[in-house]
>>> print(open('structure23.cif').read())   # mmCIF, C-alpha atoms, pLDDT in the B column; chains and numbers go by the auth columns
data_structure
loop_
_atom_site.group_PDB
_atom_site.id
_atom_site.type_symbol
_atom_site.label_atom_id
_atom_site.label_comp_id
_atom_site.label_asym_id
_atom_site.label_seq_id
_atom_site.Cartn_x
_atom_site.Cartn_y
_atom_site.Cartn_z
_atom_site.B_iso_or_equiv
_atom_site.auth_seq_id
_atom_site.auth_asym_id
ATOM 1 C CA MET A 1 -102.466 -1.068 52.020 49.00 1 A
ATOM 2 C CA ARG A 2 -100.107 -4.045 51.582 57.00 2 A
ATOM 3 C CA ASN A 3 -99.099 -5.725 48.364 58.00 3 A
ATOM 4 C CA ASN A 4 -100.573 -9.226 48.121 57.00 4 A
ATOM 5 C CA GLY A 5 -98.273 -11.262 45.895 56.00 5 A
ATOM 6 C CA ALA A 6 -100.982 -12.917 43.791 51.00 6 A
ATOM 7 C CA THR A 7 -103.021 -9.758 43.303 52.00 7 A
ATOM 8 C CA ALA A 8 -100.125 -7.308 42.953 58.00 8 A
ATOM 9 C CA ARG A 9 -99.599 -5.891 39.497 72.00 9 A
ATOM 10 C CA HIS A 10 -96.344 -7.029 37.903 78.00 10 A
ATOM 11 C CA HIS A 11 -94.222 -3.876 37.519 84.00 11 A
ATOM 12 C CA ARG A 12 -90.778 -5.394 36.711 91.00 12 A
ATOM 13 C CA LEU A 13 -89.356 -3.328 39.581 91.00 13 A
ATOM 14 C CA ILE A 14 -85.858 -4.827 39.465 92.00 14 A
ATOM 15 C CA TYR A 15 -85.527 -4.041 35.776 94.00 15 A
ATOM 16 C CA LEU A 16 -87.021 -0.546 36.106 93.00 16 A
ATOM 17 C CA LEU A 17 -84.804 0.316 39.062 93.00 17 A
ATOM 18 C CA SER A 18 -81.694 -0.962 37.294 95.00 18 A
ATOM 19 C CA VAL A 19 -82.363 0.900 34.048 96.00 19 A
ATOM 20 C CA ALA A 20 -83.284 4.102 35.896 94.00 20 A
ATOM 21 C CA HIS A 21 -80.043 3.939 37.871 92.00 21 A
ATOM 22 C CA ARG A 22 -77.874 3.405 34.789 93.00 22 A
ATOM 23 C CA ARG A 23 -79.568 6.138 32.772 93.00 23 A
ATOM 24 C CA LEU A 24 -79.385 8.661 35.586 90.00 24 A
ATOM 25 C CA GLN A 25 -75.703 7.891 36.253 85.00 25 A
ATOM 26 C CA ARG A 26 -74.819 8.210 32.536 86.00 26 A
ATOM 27 C CA TRP A 27 -76.821 11.404 32.146 86.00 27 A
ATOM 28 C CA MET A 28 -75.200 12.983 35.207 82.00 28 A
ATOM 29 C CA ALA A 29 -71.696 11.976 34.118 77.00 29 A
ATOM 30 C CA ALA A 30 -72.238 13.374 30.595 81.00 30 A
ATOM 31 C CA ARG A 31 -73.315 16.848 31.715 80.00 31 A
ATOM 32 C CA PRO A 32 -70.773 19.327 30.310 77.00 32 A
ATOM 33 C CA GLU A 33 -70.821 21.465 33.460 74.00 33 A
ATOM 34 C CA SER A 34 -70.056 18.433 35.624 75.00 34 A
ATOM 35 C CA GLU A 35 -66.439 18.447 36.737 83.00 35 A
ATOM 36 C CA VAL A 36 -66.902 15.483 39.049 89.00 36 A
ATOM 37 C CA THR A 37 -68.373 12.025 38.746 88.00 37 A
ATOM 38 C CA PRO A 38 -71.575 11.199 40.614 88.00 38 A
ATOM 39 C CA ALA A 39 -69.505 9.132 43.077 91.00 39 A
ATOM 40 C CA GLN A 40 -67.118 12.037 43.675 94.00 40 A
ATOM 41 C CA ALA A 41 -70.089 14.356 44.183 93.00 41 A
ATOM 42 C CA GLY A 42 -71.375 11.965 46.846 95.00 42 A
ATOM 43 C CA LEU A 43 -68.033 12.117 48.641 98.00 43 A
ATOM 44 C CA LEU A 44 -68.028 15.922 48.426 97.00 44 A
ATOM 45 C CA PHE A 45 -71.541 16.038 49.933 97.00 45 A
ATOM 46 C CA ILE A 46 -70.372 13.870 52.847 97.00 46 A
ATOM 47 C CA LEU A 47 -67.344 16.095 53.447 98.00 47 A
ATOM 48 C CA GLY A 48 -69.489 19.207 53.111 97.00 48 A
ATOM 49 C CA LYS A 49 -71.340 18.022 56.206 97.00 49 A
ATOM 50 C CA GLN A 50 -68.326 16.538 58.006 96.00 50 A
ATOM 51 C CA ASP A 51 -65.000 17.744 56.633 97.00 51 A
ATOM 52 C CA GLY A 52 -62.219 15.566 57.977 96.00 52 A
ATOM 53 C CA ALA A 53 -64.348 12.423 58.061 97.00 53 A
ATOM 54 C CA LEU A 54 -62.622 9.118 58.602 96.00 54 A
ATOM 55 C CA MET A 55 -62.318 6.982 55.480 95.00 55 A
ATOM 56 C CA GLY A 56 -64.529 4.314 57.063 93.00 56 A
ATOM 57 C CA GLU A 57 -67.198 6.872 57.983 95.00 57 A
ATOM 58 C CA ALA A 58 -67.284 8.214 54.432 97.00 58 A
ATOM 59 C CA GLY A 59 -67.390 4.693 53.019 95.00 59 A
ATOM 60 C CA ALA A 60 -70.274 3.725 55.277 93.00 60 A
ATOM 61 C CA ALA A 61 -72.202 6.877 54.358 94.00 61 A
ATOM 62 C CA LEU A 62 -71.758 6.060 50.663 95.00 62 A
ATOM 63 C CA ASP A 63 -72.394 2.319 51.136 92.00 63 A
ATOM 64 C CA LEU A 64 -68.849 1.480 49.986 94.00 64 A
ATOM 65 C CA GLY A 65 -66.448 -1.056 51.422 92.00 65 A
ATOM 66 C CA PRO A 66 -62.779 -0.331 52.179 93.00 66 A
ATOM 67 C CA ALA A 67 -61.573 -0.950 48.615 94.00 67 A
ATOM 68 C CA GLY A 68 -64.367 1.159 47.120 95.00 68 A
ATOM 69 C CA ILE A 69 -63.813 4.195 49.333 96.00 69 A
ATOM 70 C CA SER A 70 -60.039 3.912 48.951 95.00 70 A
ATOM 71 C CA GLY A 71 -60.321 3.998 45.163 97.00 71 A
ATOM 72 C CA LEU A 72 -62.800 6.867 45.236 97.00 72 A
ATOM 73 C CA VAL A 73 -60.574 8.903 47.554 98.00 73 A
ATOM 74 C CA ASP A 74 -57.532 8.115 45.383 97.00 74 A
ATOM 75 C CA ARG A 75 -59.321 9.381 42.253 97.00 75 A
ATOM 76 C CA SER A 76 -60.673 12.422 44.091 97.00 76 A
ATOM 77 C CA ALA A 77 -57.242 13.247 45.506 98.00 77 A
ATOM 78 C CA ALA A 78 -55.683 12.901 42.039 97.00 78 A
ATOM 79 C CA ALA A 79 -58.293 15.418 40.821 96.00 79 A
ATOM 80 C CA ARG A 80 -57.261 17.692 43.741 97.00 80 A
ATOM 81 C CA LEU A 81 -60.763 17.643 45.217 98.00 81 A
ATOM 82 C CA VAL A 82 -59.733 16.130 48.554 98.00 82 A
ATOM 83 C CA GLU A 83 -56.674 15.457 50.675 97.00 83 A
ATOM 84 C CA ARG A 84 -56.109 12.300 52.676 95.00 84 A
ATOM 85 C CA ARG A 85 -54.275 12.850 55.972 94.00 85 A
ATOM 86 C CA ALA A 86 -53.320 10.495 58.769 93.00 86 A
ATOM 87 C CA ASP A 87 -55.525 10.790 61.842 91.00 87 A
ATOM 88 C CA ARG A 88 -53.692 12.569 64.690 91.00 88 A
ATOM 89 C CA GLU A 89 -54.890 10.092 67.304 90.00 89 A
ATOM 90 C CA ASP A 90 -54.672 6.862 65.293 89.00 90 A
ATOM 91 C CA GLY A 91 -51.835 6.689 62.778 82.00 91 A
ATOM 92 C CA ARG A 92 -53.495 3.720 61.055 88.00 92 A
ATOM 93 C CA ALA A 93 -56.614 5.726 60.220 91.00 93 A
ATOM 94 C CA PHE A 94 -56.984 8.404 57.577 94.00 94 A
ATOM 95 C CA ARG A 95 -59.233 11.415 57.404 96.00 95 A
ATOM 96 C CA ILE A 96 -60.441 13.089 54.220 97.00 96 A
ATOM 97 C CA TRP A 97 -60.486 16.859 53.841 98.00 97 A
ATOM 98 C CA LEU A 98 -61.921 19.105 51.133 98.00 98 A
ATOM 99 C CA THR A 99 -59.466 21.220 49.156 98.00 99 A
ATOM 100 C CA PRO A 100 -60.367 24.682 47.853 98.00 100 A
ATOM 101 C CA LYS A 101 -61.045 23.071 44.451 97.00 101 A
ATOM 102 C CA GLY A 102 -63.225 20.498 46.217 97.00 102 A
ATOM 103 C CA ARG A 103 -65.250 23.245 47.912 97.00 103 A
ATOM 104 C CA THR A 104 -65.883 24.896 44.539 95.00 104 A
ATOM 105 C CA ALA A 105 -66.859 21.549 43.022 95.00 105 A
ATOM 106 C CA LEU A 106 -69.171 20.901 45.993 96.00 106 A
ATOM 107 C CA ALA A 107 -71.017 24.179 45.380 95.00 107 A
ATOM 108 C CA GLN A 108 -71.435 23.254 41.706 92.00 108 A
ATOM 109 C CA ALA A 109 -72.572 19.732 42.633 92.00 109 A
ATOM 110 C CA LYS A 110 -75.219 21.149 44.990 93.00 110 A
ATOM 111 C CA THR A 111 -76.609 23.314 42.201 91.00 111 A
ATOM 112 C CA GLY A 112 -76.565 20.361 39.813 89.00 112 A
ATOM 113 C CA ALA A 113 -78.259 18.078 42.334 90.00 113 A
ATOM 114 C CA ALA A 114 -81.041 20.610 42.883 93.00 114 A
ATOM 115 C CA GLU A 115 -81.642 20.757 39.121 90.00 115 A
ATOM 116 C CA ILE A 116 -81.631 16.965 38.800 91.00 116 A
ATOM 117 C CA ASN A 117 -83.958 16.517 41.779 94.00 117 A
ATOM 118 C CA ALA A 118 -86.335 19.045 40.222 95.00 118 A
ATOM 119 C CA ALA A 119 -86.321 17.058 36.963 93.00 119 A
ATOM 120 C CA LEU A 120 -86.803 13.771 38.824 95.00 120 A
ATOM 121 C CA THR A 121 -89.807 15.036 40.759 96.00 121 A
ATOM 122 C CA GLU A 122 -91.447 16.965 37.913 97.00 122 A
ATOM 123 C CA GLY A 123 -95.012 15.820 37.335 97.00 123 A
ATOM 124 C CA PHE A 124 -95.376 14.144 40.728 97.00 124 A
ATOM 125 C CA THR A 125 -97.015 15.422 43.892 97.00 125 A
ATOM 126 C CA ALA A 126 -95.076 15.760 47.116 96.00 126 A
ATOM 127 C CA ALA A 127 -97.095 12.859 48.530 97.00 127 A
ATOM 128 C CA GLU A 128 -96.125 10.635 45.589 97.00 128 A
ATOM 129 C CA ILE A 129 -92.446 11.513 46.000 96.00 129 A
ATOM 130 C CA ASP A 130 -92.720 10.754 49.726 97.00 130 A
ATOM 131 C CA ILE A 131 -93.951 7.263 48.819 96.00 131 A
ATOM 132 C CA VAL A 132 -91.136 6.733 46.318 95.00 132 A
ATOM 133 C CA ALA A 133 -88.575 7.881 48.893 95.00 133 A
ATOM 134 C CA ARG A 134 -90.099 5.578 51.512 96.00 134 A
ATOM 135 C CA TRP A 135 -89.988 2.655 49.063 94.00 135 A
ATOM 136 C CA LEU A 136 -86.368 3.275 48.093 93.00 136 A
ATOM 137 C CA THR A 137 -85.380 3.604 51.749 93.00 137 A
ATOM 138 C CA SER A 138 -87.174 0.349 52.535 95.00 138 A
ATOM 139 C CA ILE A 139 -84.885 -1.438 50.063 93.00 139 A
ATOM 140 C CA GLN A 140 -81.923 -0.555 52.267 89.00 140 A
ATOM 141 C CA ASP A 141 -83.713 -2.013 55.274 90.00 141 A
ATOM 142 C CA LYS A 142 -84.793 -5.177 53.444 92.00 142 A
ATOM 143 C CA PHE A 143 -81.389 -5.793 51.894 91.00 143 A
ATOM 144 C CA PRO A 144 -78.825 -4.513 54.421 87.00 144 A
ATOM 145 C CA ARG A 145 -75.198 -4.062 53.469 77.00 145 A
ATOM 146 C CA SER A 146 -74.145 -6.762 55.939 68.00 146 A
ATOM 147 C CA SER A 147 -75.648 -9.411 53.652 46.00 147 A
ATOM 148 C CA ASP A 148 -73.449 -8.091 50.799 47.00 148 A
ATOM 149 C CA GLU A 149 -70.337 -8.462 52.935 47.00 149 A
ATOM 150 C CA GLN A 150 -71.260 -12.015 53.949 41.00 150 A
ATOM 151 C CA ASN A 151 -71.449 -12.946 50.267 41.00 151 A
ATOM 152 C CA GLY A 152 -68.078 -11.372 49.515 41.00 152 A
ATOM 153 C CA ALA A 153 -69.519 -8.614 47.337 42.00 153 A
ATOM 154 C CA ASP A 154 -67.631 -5.440 48.185 40.00 154 A
ATOM 155 C CA GLN A 155 -68.485 -2.699 45.727 37.00 155 A
#
>>> encode(input="structure23.cif", output="structure tokens")
Amino acid sequence: MRNNGATARHHRLIYLLSVAHRRLQRWMAARPESEVTPAQAGLLFILGKQDGALMGEAGAALDLGPAGISGLVDRSAAARLVERRADREDGRAFRIWLTPKGRTALAQAKTGAAEINAALTEGFTAAEIDIVARWLTSIQDKFPRSSDEQNGADQ
């Protein structure tokens, strides 16, 4: 069933999505057991799957441009969660590696993410969550990152 503009119910989706994002980010950052920011947790998840990822690969996976991933890696390295090392084959490229502290933080972040996902899905059926996930994924397809870069927005 497709949404017909004139007959579709007005849900204020932009507003609801924006507020939900801000509240979730603030709530996650304020958790006392959280030793990492949500952005750092995202980087740790990427490295948990592919330790030694290139900076550009990690940035693409997190939907960050060069400046964004560089700053995130800098902050994560300062917190001793990751190490940045020159690539052996291309001295201009850098790879990111988890530290022992980063591995511990990753395990904690996985536990925290499971708890948050349980809270987010509470009261909804699996089928409803599948629809929400499909809708959120469709936003990435409808508004690809390349259009951000053409407009000079590099977050």
>>> resolve_selection(input="structure23.cif", expression="the PyMOL selection byres ((chain A and resi 84-101) around 8)", output="list in words")
Leu44, Leu47, Gly48, Asp51, Gly52, Ala53, Leu54, Met55, Val73, Ala77, Arg80, Leu81, Val82, Glu83, Gly102, Arg103, Thr104 and Ala105 of chain A
>>> residues_around(input="structure23.cif", residues="segment 122-139 of chain A", least_positions_apart="6", cutoff="12 Å", atoms="all atoms listed in the file", output="ChimeraX atom specification")
/A:13-14,17,115-116,145
>>> atom_distance(input="structure23.cif", atom1="atom CA of Gln40 of chain A", atom2="atom CA of Tyr15 of chain A")
25.7 Å
>>> closest_residue(input="structure23.cif", among="A:Ala107, A:Val36, A:Val19, A:Leu120", to="Leu72 of chain A", atoms="only C-alpha atoms")
A:Val36
>>> atom_distance(input="structure23.cif", atom1="atom CA of Arg31 of chain A", atom2="atom CA of Pro66 of chain A")
28.7 Å
>>> atom_distance(input="structure23.cif", atom1="atom CA of Lys110 of chain A", atom2="atom CA of Ser34 of chain A")
11.0 Å
>>> build_atoms(input="structure23.cif", residues="segment 43-54 of chain A", atoms="all heavy atoms", output="CSV table (one decimal), in the frame of the given file")
chain,number,residue,atom,x,y,z
A,43,LEU,N,-69.1,11.9,47.6
A,43,LEU,CA,-68.0,12.1,48.6
A,43,LEU,C,-68.0,13.6,49.1
A,43,LEU,O,-67.8,13.9,50.3
A,43,LEU,CB,-66.7,11.6,48.1
A,43,LEU,CG,-65.5,11.8,49.0
A,43,LEU,CD1,-65.7,11.1,50.3
A,43,LEU,CD2,-64.2,11.4,48.3
A,44,LEU,N,-68.1,14.5,48.1
A,44,LEU,CA,-68.0,15.9,48.4
A,44,LEU,C,-69.2,16.3,49.3
A,44,LEU,O,-69.0,17.1,50.3
A,44,LEU,CB,-68.0,16.8,47.1
A,44,LEU,CG,-66.8,16.6,46.2
A,44,LEU,CD1,-67.0,17.4,45.0
A,44,LEU,CD2,-65.5,16.9,46.9
A,45,PHE,N,-70.4,15.7,49.1
A,45,PHE,CA,-71.5,16.0,49.9
A,45,PHE,C,-71.3,15.6,51.4
A,45,PHE,O,-71.6,16.3,52.3
A,45,PHE,CB,-72.8,15.4,49.4
A,45,PHE,CG,-73.4,16.1,48.2
A,45,PHE,CD1,-73.7,15.4,47.0
A,45,PHE,CD2,-73.7,17.4,48.3
A,45,PHE,CE1,-74.2,16.0,45.9
A,45,PHE,CE2,-74.3,18.1,47.2
A,45,PHE,CZ,-74.6,17.4,46.0
A,46,ILE,N,-70.7,14.4,51.5
A,46,ILE,CA,-70.4,13.9,52.8
A,46,ILE,C,-69.4,14.8,53.5
A,46,ILE,O,-69.6,15.2,54.7
A,46,ILE,CB,-69.8,12.4,52.8
A,46,ILE,CG1,-70.7,11.5,52.1
A,46,ILE,CG2,-69.2,12.0,54.1
A,46,ILE,CD1,-72.0,11.3,52.9
A,47,LEU,N,-68.4,15.2,52.8
A,47,LEU,CA,-67.3,16.1,53.4
A,47,LEU,C,-67.9,17.5,53.7
A,47,LEU,O,-67.4,18.2,54.6
A,47,LEU,CB,-66.1,16.1,52.6
A,47,LEU,CG,-65.4,14.8,52.5
A,47,LEU,CD1,-64.2,14.9,51.5
A,47,LEU,CD2,-65.0,14.2,53.8
A,48,GLY,N,-68.9,17.9,52.9
A,48,GLY,CA,-69.5,19.2,53.1
A,48,GLY,C,-70.2,19.3,54.4
A,48,GLY,O,-70.3,20.3,55.1
A,49,LYS,N,-70.7,18.1,54.9
A,49,LYS,CA,-71.3,18.0,56.2
A,49,LYS,C,-70.4,17.7,57.3
A,49,LYS,O,-70.6,18.1,58.5
A,49,LYS,CB,-72.4,16.9,56.2
A,49,LYS,CG,-73.6,17.3,55.3
A,49,LYS,CD,-74.7,16.3,55.4
A,49,LYS,CE,-75.9,16.7,54.5
A,49,LYS,NZ,-76.9,15.7,54.5
A,50,GLN,N,-69.3,17.0,57.0
A,50,GLN,CA,-68.3,16.5,58.0
A,50,GLN,C,-66.9,16.5,57.4
A,50,GLN,O,-66.4,15.4,57.1
A,50,GLN,CB,-68.7,15.2,58.6
A,50,GLN,CG,-67.8,14.7,59.7
A,50,GLN,CD,-68.1,13.3,60.1
A,50,GLN,OE1,-69.1,12.7,59.8
A,50,GLN,NE2,-67.2,12.8,61.0
A,51,ASP,N,-66.4,17.7,57.2
A,51,ASP,CA,-65.0,17.7,56.6
A,51,ASP,C,-64.0,17.1,57.6
A,51,ASP,O,-64.2,17.2,58.8
A,51,ASP,CB,-64.6,19.2,56.4
A,51,ASP,CG,-63.5,19.3,55.4
A,51,ASP,OD1,-63.2,18.4,54.7
A,51,ASP,OD2,-62.9,20.5,55.2
A,52,GLY,N,-63.1,16.3,57.1
A,52,GLY,CA,-62.2,15.6,58.0
A,52,GLY,C,-62.8,14.2,58.4
A,52,GLY,O,-62.3,13.7,59.4
A,53,ALA,N,-63.8,13.7,57.7
A,53,ALA,CA,-64.3,12.4,58.1
A,53,ALA,C,-63.3,11.3,57.9
A,53,ALA,O,-62.4,11.4,57.0
A,53,ALA,CB,-65.6,12.1,57.2
A,54,LEU,N,-63.5,10.3,58.7
A,54,LEU,CA,-62.6,9.1,58.6
A,54,LEU,C,-63.0,8.4,57.3
A,54,LEU,O,-64.2,8.4,56.9
A,54,LEU,CB,-62.8,8.2,59.8
A,54,LEU,CG,-62.2,8.6,61.1
A,54,LEU,CD1,-62.8,7.8,62.3
A,54,LEU,CD2,-60.7,8.5,61.1
